[in-house]
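Shown next, in structure tokens, is the structure this report addresses.
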Amino acid sequence: MKSTVRRIAAPLTALVLAAALSSCGGGDSGSSSAKKSVTLWMYPVIADQATSDTYWKKVETDFEAANSGIDLKIEMQPWANREEKLAAAFSGKKGPDVLLMIPDQIPQYVKSGSLAPVDDVVEPEKDKFLPAAVPGLTVDGKIYGAPIYHTVTTTMYNKTILTKAGISKPPETWDEIKAAAPKVKAAGFSMLDYAASPEATLNLSFYPLLWQAGGKVFADDGKSVTFNQAPGLEALTFLKGLWDEGAISKTALGSVNTVADSALGKGQVAMAYTSVPSDAATVAKTWGAGNVEIGAPLTGKKQVGYGIPGGLVMNAASSNTDAAKKFLTFMIQPAQLDALSKASGYYSPRKDATYASTDPNAAKFKDALQYAVPGEANPSARQIMSFLSTEIQAVLTGKKQPQQGLDDAAKQANDLLSRQR
């Protein structure tokens with residue numbers, strides 16, 4: 001068996017795109033005796049590269065051993081330019097047979113007819129999943145994703161910085177953050193980690209603040225946005241105030257939700273509020289494990305965090321649906337999911353998971369699951385996120401006032417939603 005696990009470089013060159021778009025339907029569907037080919041686009045959900053390579057090589061080996069007539073091709077994709085590459089692939093009815101998606105991505109591709117439902121794969125196992133796992137990957141009553149992991153985010157503190165700033169109790173609320181910020185700045189550090197690049201997902205930056213303020217991205221009927229109402233203004237005003245006071249590093253303008261090379265990872269920021277278990281493991285190497293403290297999700301008007309199921313979806317243009325479904329069925333079994341949980345630091349989406357992390361922080365992350373929301377699904381969610389990301393950066397850099405930025409983003413969003421009714 002020849003290894004096909006490979007990484008695709010971040011720049012989206014014409015050559016790379018052309019090769020990627022040719023992936024779907026790689027098997028010979030015209031001959032029943034021909035070996036089928038299933039291509040998977042996977043993203044770096046396992047942060048450590050060596051661990052990721054080992055895990056996916058074993059998946060490839062074990063799946064092909066159990067399915068001798070199927071050649072599994074795993075192509076590791078970068079997070080960068082993900083949306084552009086997916087849109088290009090689906091618009092040409094090309095791309096991989098199977099790929100990873102999260103709840104707020106799925107509706108737009110269901111609407112465009114790019115995804116095929118996988119109810120027949122998931123239904124037999126449905127009662128074995130955590131309560132939110134399958135619903136988070138369901139659109140209009142049909143299941144479009146086979147859950148393979150569940151994330152959770154919560155606060156993470158650098159105890160060294162807090163001690164140097166004379167802060168004995170880590171801030172747990174917005175008011176406590178505002179009170180602690182001047183002390184942290186006087187000690188020579190930034191208070192709060194924030195990813196302000198338009199390339200960063202708002203699910204890990206602005207949206208948790210919006211939810212904590214009691215707000216929502218979309219109206220209940222999904223036909224308009226509400227983030228420019230009072231809770232949204234409160235959230236952006238809170239963020240802008242910290243920015244103006246120097247409580248957020250100016251490097252945040254280029255930050256894209258990564259930790260290792262960020263100001264936070266380098267030990268220059270006191271706390272983050274959307275950290276995942278792998279982030280704690282990463283910063284422990286630079287801060288020292290004893291200086292990492294995990295807390296509960298932040299509280300504004302509400303205590304809310306972010307956590308989602310990640311699911312494998314099937315390309316509706318695939319010519320190898322039977323083989324693709326065999327792979328999905330293989331991936332949602334306990335052996336694969338327990339191993340993925342161990343490798344990634346995320347949680348298994350199954351209730352019958354047997355892997356128990358020995359990480360002392362694992363229990364604290366698991367406690368945060370009770371506060372997790374999976375975002376707000378809408379076919380236009382990703383486009384609207386890009387509108388709002390750009391306007392938030394304009395507010396932070398002083399080009400617009402908070403209400404103006406929110407209103408401008410809302411106008412673009414509502415115009416888009418009105419055209420899609």
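Numbering starts fresh at 1 for the residues of each chain in the structure tokens, the chains themselves are lettered A, B, ... in the order given, and ligands are numbered from 1 as they appear.
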With DSSP run on the backbone, what are the helix (DSSP H, G or I) residues within stretch 13-166 of chain A? I'd like them as a PyMOL selection string.
chain A and resi 14-21+49-66+82-91+106-111+119-128+135-137+159-164
Within 10 Å of A:Lys111, counting only C-alpha atoms, which residues show up once you throw out same-chain ones fewer than 2 positions away? Write them as JSON, numbers by chain, please.
{"A": [106, 107, 108, 109, 113, 114, 115, 139, 378, 379, 380]}
Proximity to A:Ala116 - best of A:Ile177, A:Ala65, A:Val152, A:Met314, only C-alpha atoms:
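Ranked by minimum distance to A:Ala116, first place goes to A:Met314.
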Contacts of stretch 118-134 of chain A at 12 Å (only C-alpha atoms; same-chain gap of 6+ positions) as a PyMOL selection string
chain A and resi 98+102-103+141-151+307-316+321-334+337+347-353+369-370+372-375
Looking at A:Asn291, A:Gln393, A:Thr51, A:Ser168, which one is nearest to A:Leu253, with distances taken over only C-alpha atoms?
A:Gln393
Rounded to one decimal place, report the atom CA of A:Lys301-atom CA of A:Val217 distance in Å.
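We find that atom CA of A:Lys301 and atom CA of A:Val217 lie 16.2 Å from each other.
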To one decimal in Å, tell me the separation between atom CA of A:Ser318 and atom CA of A:Ala89.
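Interatomic distance here is 11.8 Å.
Of the listed residues A:Ala200, A:Gly222, A:Gly166, A:Gly95, the one whose atoms come nearest to A:Trp79 is A:Ala200, with distances taken using only C-alpha atoms.
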Excluding stretch 395-412 of chain A and residues on its chain fewer than 3 positions from it, collect all residues at most 7 Å away from it, counting only C-alpha atoms, and give them as an mmCIF file with C-alpha atoms, in the first residue's frame.
data_model
loop_
_atom_site.group_PDB
_atom_site.id
_atom_site.type_symbol
_atom_site.label_atom_id
_atom_site.label_comp_id
_atom_site.auth_asym_id
_atom_site.auth_seq_id
_atom_site.Cartn_x
_atom_site.Cartn_y
_atom_site.Cartn_z
ATOM 1 C CA VAL A 225 -29.024 40.065 11.057
ATOM 2 C CA ASN A 228 -25.926 45.741 15.111
ATOM 3 C CA LEU A 233 -22.782 47.481 20.240
ATOM 4 C CA LEU A 236 -17.809 45.885 20.162
ATOM 5 C CA THR A 237 -17.577 48.832 22.557
ATOM 6 C CA LYS A 240 -12.738 48.773 21.263
ATOM 7 C CA TRP A 243 -7.945 48.106 22.126
ATOM 8 C CA PHE A 387 -18.422 41.609 6.010
ATOM 9 C CA LEU A 388 -18.389 41.951 9.779
ATOM 10 C CA GLU A 391 -15.852 46.384 9.669
ATOM 11 C CA ILE A 392 -14.584 45.314 13.098
ATOM 12 C CA ASP A 415 -28.757 43.128 1.241
ATOM 13 C CA LEU A 416 -27.224 39.701 0.673
#
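Using only C-alpha atoms, the residues found no farther than 8 Å from A:Pro277, other than those of its own chain fewer than 3 positions away, are Thr153, Ala280, Ala281, Gly345, Tyr346, Asn361, Ala362 and Phe365 of chain A.
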I need the residues from that last selection saved to file as an mmCIF file, in the first residue's frame (with C-alpha atoms), if you can.
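part13.cif written:
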data_model
loop_
_atom_site.group_PDB
_atom_site.id
_atom_site.type_symbol
_atom_site.label_atom_id
_atom_site.label_comp_id
_atom_site.auth_asym_id
_atom_site.auth_seq_id
_atom_site.Cartn_x
_atom_site.Cartn_y
_atom_site.Cartn_z
ATOM 1 C CA THR A 153 -13.336 26.603 24.108
ATOM 2 C CA ALA A 280 -2.905 24.746 26.512
ATOM 3 C CA ALA A 281 -0.412 22.083 25.463
ATOM 4 C CA GLY A 345 -7.052 17.012 22.327
ATOM 5 C CA TYR A 346 -10.636 17.448 21.156
ATOM 6 C CA ASN A 361 -6.614 20.487 32.290
ATOM 7 C CA ALA A 362 -8.906 18.053 30.461
ATOM 8 C CA PHE A 365 -12.288 21.894 29.374
#
If you measure from atom CA of A:Gly300 to atom CA of A:Pro231, what distance in Å do you get, rounded to one decimal?
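Separation between atom CA of A:Gly300 and atom CA of A:Pro231: 10.2 Å.
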With only C-alpha atoms as the atoms that count, which of A:Ala272, A:Ile384, A:Met101, A:Ala289 lies nearest to A:Met42?
A:Met101
